[in-house]
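For reference, start.tsv (TSV, C-alpha atoms):
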```tsv
chain	number	residue	atom	x	y	z
A	2	MET	CA	77.01	-56.49	-34.69
A	3	SER	CA	79.90	-55.09	-32.68
A	4	LYS	CA	81.31	-56.97	-29.70
A	5	VAL	CA	80.12	-55.57	-26.36
A	6	ASN	CA	82.82	-54.70	-23.82
A	7	PHE	CA	81.11	-56.01	-20.69
A	8	ASN	CA	84.01	-55.12	-18.40
A	9	GLU	CA	83.79	-51.47	-19.44
A	10	LEU	CA	79.98	-51.41	-19.08
A	11	VAL	CA	80.22	-52.96	-15.61
A	12	ARG	CA	82.89	-50.44	-14.57
A	13	GLN	CA	80.76	-47.53	-15.79
A	14	ALA	CA	77.66	-48.95	-14.08
A	15	HIS	CA	79.47	-49.28	-10.75
A	16	GLU	CA	80.84	-45.74	-11.02
A	17	SER	CA	77.52	-44.13	-11.96
A	18	ASN	CA	75.30	-46.52	-9.96
A	19	ASP	CA	73.19	-46.86	-13.13
A	20	TYR	CA	72.79	-50.49	-14.22
A	21	ASP	CA	70.18	-49.90	-16.94
A	22	PRO	CA	72.72	-50.16	-19.81
A	23	LEU	CA	73.65	-53.67	-18.63
A	24	ILE	CA	70.06	-54.75	-18.07
A	25	ASN	CA	69.07	-53.42	-21.50
A	26	LEU	CA	71.52	-55.86	-23.12
A	27	VAL	CA	69.28	-58.75	-22.00
A	28	PRO	CA	65.95	-58.58	-23.90
A	29	TYR	CA	63.85	-60.60	-21.41
A	30	ALA	CA	65.17	-58.59	-18.45
A	31	ARG	CA	64.15	-55.44	-20.30
A	32	LEU	CA	60.75	-56.92	-21.23
A	33	ILE	CA	59.67	-57.74	-17.68
A	34	GLY	CA	61.20	-54.52	-16.33
A	35	ILE	CA	64.02	-55.67	-14.06
A	36	GLU	CA	65.75	-52.89	-12.15
A	37	CYS	CA	68.91	-53.00	-10.06
A	38	LEU	CA	69.50	-51.25	-6.75
A	39	ARG	CA	72.94	-51.09	-5.17
A	40	LEU	CA	72.81	-50.91	-1.38
A	41	GLY	CA	76.40	-50.63	-0.19
A	42	ASP	CA	78.11	-53.87	-1.14
A	43	GLU	CA	74.76	-55.59	-1.70
A	44	MET	CA	72.88	-55.76	-5.00
A	45	VAL	CA	69.08	-56.03	-4.92
A	46	PHE	CA	67.03	-56.60	-8.04
A	47	ARG	CA	63.52	-55.23	-8.37
A	48	LEU	CA	60.64	-56.42	-10.54
A	49	PRO	CA	58.18	-53.51	-10.53
A	50	GLN	CA	54.45	-54.13	-10.34
A	51	ASN	CA	53.29	-54.60	-13.94
A	52	GLU	CA	49.93	-55.84	-15.26
A	53	ASP	CA	51.70	-57.67	-18.11
A	54	ASN	CA	53.36	-59.98	-15.54
A	55	ILE	CA	50.07	-61.19	-13.99
A	56	GLY	CA	49.34	-64.90	-14.37
A	57	ASN	CA	46.25	-65.20	-12.15
A	58	PRO	CA	44.00	-62.14	-12.48
A	59	MET	CA	41.63	-63.47	-9.79
A	60	LEU	CA	44.15	-62.96	-6.95
A	61	PRO	CA	45.90	-61.11	-8.82
A	62	ALA	CA	49.27	-62.88	-8.76
A	63	ILE	CA	52.44	-62.72	-10.81
A	64	HIS	CA	52.90	-65.60	-13.24
A	65	GLY	CA	55.24	-68.25	-11.84
A	66	GLY	CA	57.28	-68.21	-15.04
A	67	VAL	CA	57.86	-64.48	-14.66
A	68	ILE	CA	59.04	-65.01	-11.08
A	69	ALA	CA	61.42	-67.77	-12.22
A	70	GLY	CA	62.67	-65.68	-15.15
A	71	PHE	CA	63.20	-62.71	-12.87
A	72	MET	CA	65.23	-64.81	-10.43
A	73	GLU	CA	67.29	-66.48	-13.17
A	74	HIS	CA	68.10	-63.16	-14.80
A	75	ALA	CA	68.91	-61.55	-11.45
A	76	ALA	CA	71.49	-64.32	-10.84
A	77	MET	CA	72.95	-63.92	-14.33
A	78	LEU	CA	73.22	-60.13	-13.96
A	79	HIS	CA	74.68	-60.50	-10.47
A	80	LEU	CA	77.44	-62.74	-11.84
A	81	LEU	CA	78.09	-60.37	-14.73
A	82	MET	CA	78.46	-57.44	-12.32
A	83	PHE	CA	80.83	-59.21	-9.95
A	84	MET	CA	82.72	-61.97	-11.80
A	85	GLY	CA	84.81	-59.83	-14.15
A	86	ALA	CA	84.28	-62.00	-17.24
A	87	PRO	CA	83.89	-60.31	-20.62
A	88	HIS	CA	80.66	-62.15	-21.57
A	89	LEU	CA	77.22	-63.10	-20.29
A	90	PRO	CA	77.12	-66.29	-18.18
A	91	LYS	CA	75.24	-69.22	-19.78
A	92	ILE	CA	72.62	-71.04	-17.71
A	93	ILE	CA	73.27	-74.74	-17.10
A	94	ASP	CA	70.37	-75.54	-14.79
A	95	PHE	CA	67.81	-73.81	-12.61
A	96	SER	CA	65.72	-75.13	-9.73
A	97	ILE	CA	63.02	-73.10	-7.96
A	98	ASP	CA	60.89	-73.57	-4.88
A	99	TYR	CA	57.68	-71.51	-4.81
A	100	LEU	CA	56.87	-70.74	-1.19
A	101	ARG	CA	53.90	-68.32	-1.39
A	102	ALA	CA	51.91	-66.45	-4.00
A	103	GLY	CA	53.66	-63.56	-5.70
A	104	HIS	CA	50.97	-60.92	-5.38
A	105	TYR	CA	50.55	-57.97	-7.71
A	106	ARG	CA	53.18	-55.68	-6.16
A	107	ASP	CA	56.89	-54.99	-6.43
A	108	THR	CA	59.09	-58.06	-6.04
A	109	PHE	CA	62.72	-58.09	-4.96
A	110	ALA	CA	65.54	-60.61	-5.29
A	111	ALA	CA	68.99	-60.97	-3.77
A	112	CYS	CA	71.69	-63.37	-4.94
A	113	GLN	CA	74.50	-65.16	-3.18
A	114	VAL	CA	77.33	-66.81	-5.07
A	115	TRP	CA	77.98	-70.11	-3.29
A	116	ARG	CA	80.91	-71.09	-5.44
A	117	GLN	CA	82.65	-69.65	-8.46
A	118	GLY	CA	85.28	-71.69	-10.21
A	119	ARG	CA	86.97	-71.15	-13.54
A	120	ARG	CA	84.16	-72.79	-15.51
A	121	VAL	CA	81.03	-72.92	-13.35
A	122	ALA	CA	79.36	-70.68	-10.77
A	123	ASN	CA	76.64	-71.73	-8.30
A	124	VAL	CA	74.18	-69.05	-7.22
A	125	ALA	CA	71.34	-68.99	-4.68
A	126	ILE	CA	68.50	-66.51	-5.16
A	127	THR	CA	65.80	-65.38	-2.74
A	128	ALA	CA	62.73	-63.43	-3.89
A	129	TRP	CA	60.39	-61.54	-1.57
A	130	GLN	CA	57.73	-58.85	-1.61
A	131	THR	CA	57.01	-57.52	1.87
A	132	THR	CA	60.05	-58.60	3.87
A	133	GLN	CA	63.15	-60.60	3.02
A	134	ALA	CA	62.40	-62.87	5.99
A	135	GLU	CA	59.24	-64.06	4.18
A	136	PRO	CA	60.41	-65.14	0.70
A	137	ILE	CA	57.93	-65.97	-2.03
A	138	ALA	CA	60.48	-68.22	-3.76
A	139	THR	CA	64.02	-69.52	-3.48
A	140	ALA	CA	66.12	-70.86	-6.32
A	141	ARG	CA	69.49	-72.36	-7.14
A	142	CYS	CA	71.22	-72.17	-10.47
A	143	HIS	CA	74.47	-73.08	-12.14
A	144	PHE	CA	76.10	-71.04	-14.86
A	145	LYS	CA	78.86	-71.74	-17.33
A	146	ILE	CA	81.19	-68.78	-16.96
A	147	ASP	CA	84.23	-69.65	-19.06
A	148	GLU	CA	84.63	-68.29	-22.57
A	149	PRO	CA	81.92	-69.54	-24.97
```

What do you get writing this file as structure tokens?
Amino acid sequence: MSKVNFNELVRQAHESNDYDPLINLVPYARLIGIECLRLGDEMVFRLPQNEDNIGNPMLPAIHGGVIAGFMEHAAMLHLLMFMGAPHLPKIIDFSIDYLRAGHYRDTFAACQVWRQGRRVANVAITAWQTTQAEPIATARCHFKIDEP
């Protein structure tokens, strides 16, 4: 397997505004269908409505694990796109607060890097469906970002 040049992929993604090649490097992100939308200086991640992501068919609602995985991967991809390191960040820990049901519709997430040092980065993630002011979940995670 050849070594992936993440810096070059990130540069190309920013220039073309096409982040699919980066997302496709992460199998779970590809599986659940994560998409990335650049809105000026902001990055918004989208989890499209998908029957395979339903956990409660009676509501129907997205599985909580899919919501958590979406938020974790959004944070990891956000760091990759903005930290300038030549590798994928490694998750140290992840904590999520579910605030309301994630109904069967598109879900969005935005990330904020609270602190990035040489070895560790702290990221906050908010996920919503109808309006960002009414999140369905919030999360915090820490990543190891120095060379593996």

In Å and to one decimal, atom CA of Pro90 of chain A is distant from atom CA of Phe109 of chain A by 21.2 Å

Looking at only C-alpha atoms, which of A:Gln117, A:Ser17, A:Thr139, A:Thr131 is the one that sits closest to Leu38 of chain A?
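Counting only C-alpha atoms, the residue closest to Leu38 of chain A is A:Ser17.
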
Please compute the atom CA of Asp94 of chain A-atom CA of Cys142 of chain A distance, one decimal, in Å.
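Value for the atom CA of Asp94 of chain A-atom CA of Cys142 of chain A distance: 5.5 Å.
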
From the list A:Met82, A:Ile146, A:Phe71, A:Gln50, the nearest residue to Pro22 of chain A using all atoms listed in the file is A:Met82

Exercise: Arg101 of chain A partners within 9 Å, only C-alpha atoms, chain neighbours under 3 positions left out, as a PDB file with C-alpha atoms, in the coordinates of the input:
```pdb
ATOM      1  CA  HIS A 104      50.970 -60.920  -5.380  1.00  0.00           C
ATOM      2  CA  GLU A 135      59.240 -64.060   4.180  1.00  0.00           C
ATOM      3  CA  PRO A 136      60.410 -65.140   0.700  1.00  0.00           C
ATOM      4  CA  ILE A 137      57.930 -65.970  -2.030  1.00  0.00           C
ATOM      5  CA  ALA A 138      60.480 -68.220  -3.760  1.00  0.00           C
TER       6      ALA A 138
END
```

Given the choices A:Ile63, A:Met72, A:Leu48, A:Ala102, which gets closest to Leu32 of chain A if the distance is worked out from all atoms listed in the file?
A:Leu48

When you draw a straight line from atom CA of Gly41 of chain A to atom CA of Phe7 of chain A, how long is it in Å?
21.7 Å

As a list in words, please: the residues near His143 of chain A (cut-off 10 Å, all atoms listed in the file, same-chain neighbours under 5 positions excluded).
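Skipping anything fewer than 5 positions along the chain leaves Glu73, Ala76, Met77, Pro90, Lys91, Ile92, Ile93, Asp94, Phe95, Ser96, Val114, Trp115, Arg116, Gln117, Val121, Ala122, Asn123, Val124 and Ala125 of chain A.
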
Counting all atoms listed in the file, which residues come within 12 Å of (56.1, -57.1, -5.7), with the point read in the file's coordinates, and could you list them as a ChimeraX atom specification?
/A:35,46-52,54-55,61-64,67-68,71,102-110,128-133,136-137

Using all atoms listed in the file, which of A:Ala140, A:Val11, A:Ala134, A:Leu60 sits nearest His74 of chain A?
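The shortest atom-to-atom distance to His74 of chain A comes from A:Ala140.
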
Given the choices A:Cys112, A:Leu78, A:Ile126, A:Leu10, which gets closest to Val27 of chain A if the distance is worked out from all atoms listed in the file?
A:Leu78

Contacts of Asn8 of chain A at 9 Å or less, counting only C-alpha atoms, minus same-chain residues fewer than 5 places along, as an MDAnalysis selection string?
chainID A and resid 13 81:82 85:88

Centre and size of axis-aligned box enclosing segment 42-57 of chain A plus 4 Å each side, as AutoDock Vina command-line options:
```
--center_x 62.2 --center_y -59.4 --center_z -9.6 --size_x 39.9 --size_y 19.7 --size_z 25.0
```

Residue contacts of Leu40 of chain A (12 Å, only C-alpha atoms) excluding same-chain residues fewer than 6 positions away, as a list in words:
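Contacts, in chain order: His15, Asn18, Phe46 and Ala111 of chain A.
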
Smallest atom-to-atom distance to Asn6 of chain A: which of A:Leu80, A:Cys37, A:Leu23, A:Met44, using all atoms listed in the file?
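Of the candidates, the smallest distance to Asn6 of chain A is held by A:Leu23.
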
Pull C-alpha atoms for segment 35-142 of chain A from the block and write them as a CSV table (one decimal), in the first residue's frame.
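Written output follows (part_26.csv):
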```csv
chain,number,residue,atom,x,y,z
A,35,ILE,CA,-20.8,11.8,5.0
A,36,GLU,CA,-20.5,14.8,2.8
A,37,CYS,CA,-18.6,18.1,3.3
A,38,LEU,CA,-19.9,21.5,2.4
A,39,ARG,CA,-17.6,24.5,2.5
A,40,LEU,CA,-19.4,27.8,3.3
A,41,GLY,CA,-16.8,30.5,3.2
A,42,ASP,CA,-14.4,29.8,6.0
A,43,GLU,CA,-16.8,27.4,7.7
A,44,MET,CA,-17.0,23.7,7.1
A,45,VAL,CA,-20.3,21.9,7.5
A,46,PHE,CA,-20.6,18.2,7.4
A,47,ARG,CA,-23.8,16.5,6.1
A,48,LEU,CA,-25.2,13.1,6.8
A,49,PRO,CA,-27.8,12.5,4.1
A,50,GLN,CA,-31.1,10.8,4.9
A,51,ASN,CA,-30.4,7.1,4.5
A,52,GLU,CA,-32.6,4.1,5.5
A,53,ASP,CA,-29.5,2.1,6.4
A,54,ASN,CA,-28.8,4.6,9.3
A,55,ILE,CA,-32.2,4.1,11.0
A,56,GLY,CA,-32.1,2.7,14.5
A,57,ASN,CA,-35.8,3.1,15.5
A,58,PRO,CA,-38.1,2.4,12.5
A,59,MET,CA,-41.2,3.3,14.6
A,60,LEU,CA,-40.3,7.0,14.7
A,61,PRO,CA,-38.2,6.6,12.4
A,62,ALA,CA,-35.0,7.9,14.0
A,63,ILE,CA,-31.3,7.7,13.2
A,64,HIS,CA,-29.4,5.2,15.3
A,65,GLY,CA,-27.5,6.9,18.1
A,66,GLY,CA,-24.3,5.2,17.2
A,67,VAL,CA,-24.6,6.5,13.7
A,68,ILE,CA,-25.0,10.0,15.0
A,69,ALA,CA,-22.0,9.6,17.3
A,70,GLY,CA,-19.9,8.1,14.5
A,71,PHE,CA,-20.9,10.9,12.2
A,72,MET,CA,-19.9,13.6,14.7
A,73,GLU,CA,-16.6,11.8,15.6
A,74,HIS,CA,-15.7,11.5,11.9
A,75,ALA,CA,-16.7,15.1,11.2
A,76,ALA,CA,-14.3,16.2,13.9
A,77,MET,CA,-11.5,14.0,12.6
A,78,LEU,CA,-12.0,15.2,9.0
A,79,HIS,CA,-12.2,18.9,10.2
A,80,LEU,CA,-8.8,18.5,11.9
A,81,LEU,CA,-7.3,16.8,8.8
A,82,MET,CA,-8.5,19.7,6.6
A,83,PHE,CA,-7.2,22.4,8.8
A,84,MET,CA,-4.3,21.2,10.9
A,85,GLY,CA,-1.7,20.6,8.2
A,86,ALA,CA,-0.5,17.2,9.5
A,87,PRO,CA,0.4,14.5,7.0
A,88,HIS,CA,-1.7,11.8,8.7
A,89,LEU,CA,-5.2,11.1,10.1
A,90,PRO,CA,-5.7,12.2,13.7
A,91,LYS,CA,-6.2,9.3,16.2
A,92,ILE,CA,-9.1,9.5,18.6
A,93,ILE,CA,-8.3,9.5,22.3
A,94,ASP,CA,-11.7,10.0,23.8
A,95,PHE,CA,-15.2,11.0,22.8
A,96,SER,CA,-18.2,12.2,24.9
A,97,ILE,CA,-21.6,12.9,23.5
A,98,ASP,CA,-24.8,14.5,24.8
A,99,TYR,CA,-28.0,13.4,23.0
A,100,LEU,CA,-30.4,16.3,23.2
A,101,ARG,CA,-33.3,15.3,20.9
A,102,ALA,CA,-34.2,12.5,18.5
A,103,GLY,CA,-32.4,12.4,15.2
A,104,HIS,CA,-35.3,12.0,12.9
A,105,TYR,CA,-35.1,10.4,9.5
A,106,ARG,CA,-33.8,13.5,7.5
A,107,ASP,CA,-30.5,15.1,6.6
A,108,THR,CA,-28.3,15.8,9.6
A,109,PHE,CA,-25.6,18.5,9.8
A,110,ALA,CA,-22.5,19.0,12.0
A,111,ALA,CA,-20.1,21.8,12.6
A,112,CYS,CA,-16.8,21.6,14.5
A,113,GLN,CA,-14.9,24.1,16.6
A,114,VAL,CA,-11.3,23.4,17.6
A,115,TRP,CA,-11.0,24.6,21.2
A,116,ARG,CA,-7.3,23.9,21.5
A,117,GLN,CA,-4.6,22.4,19.2
A,118,GLY,CA,-1.2,21.7,20.6
A,119,ARG,CA,1.7,19.8,19.2
A,120,ARG,CA,0.3,16.4,20.4
A,121,VAL,CA,-3.4,16.8,21.2
A,122,ALA,CA,-6.3,18.7,19.8
A,123,ASN,CA,-9.7,19.3,21.5
A,124,VAL,CA,-12.7,19.6,19.3
A,125,ALA,CA,-16.4,20.5,20.0
A,126,ILE,CA,-19.1,19.3,17.6
A,127,THR,CA,-22.7,20.3,17.3
A,128,ALA,CA,-25.2,18.3,15.2
A,129,TRP,CA,-28.6,19.6,14.1
A,130,GLN,CA,-31.3,18.8,11.6
A,131,THR,CA,-33.7,21.8,11.2
A,132,THR,CA,-31.8,24.7,12.6
A,133,GLN,CA,-28.4,25.0,14.2
A,134,ALA,CA,-30.0,26.7,17.2
A,135,GLU,CA,-31.8,23.4,18.0
A,136,PRO,CA,-29.0,20.8,18.1
A,137,ILE,CA,-29.9,17.1,18.3
A,138,ALA,CA,-26.5,16.3,20.0
A,139,THR,CA,-23.3,18.0,21.1
A,140,ALA,CA,-20.0,16.2,21.6
A,141,ARG,CA,-16.4,16.8,22.7
A,142,CYS,CA,-13.4,14.8,21.6
```
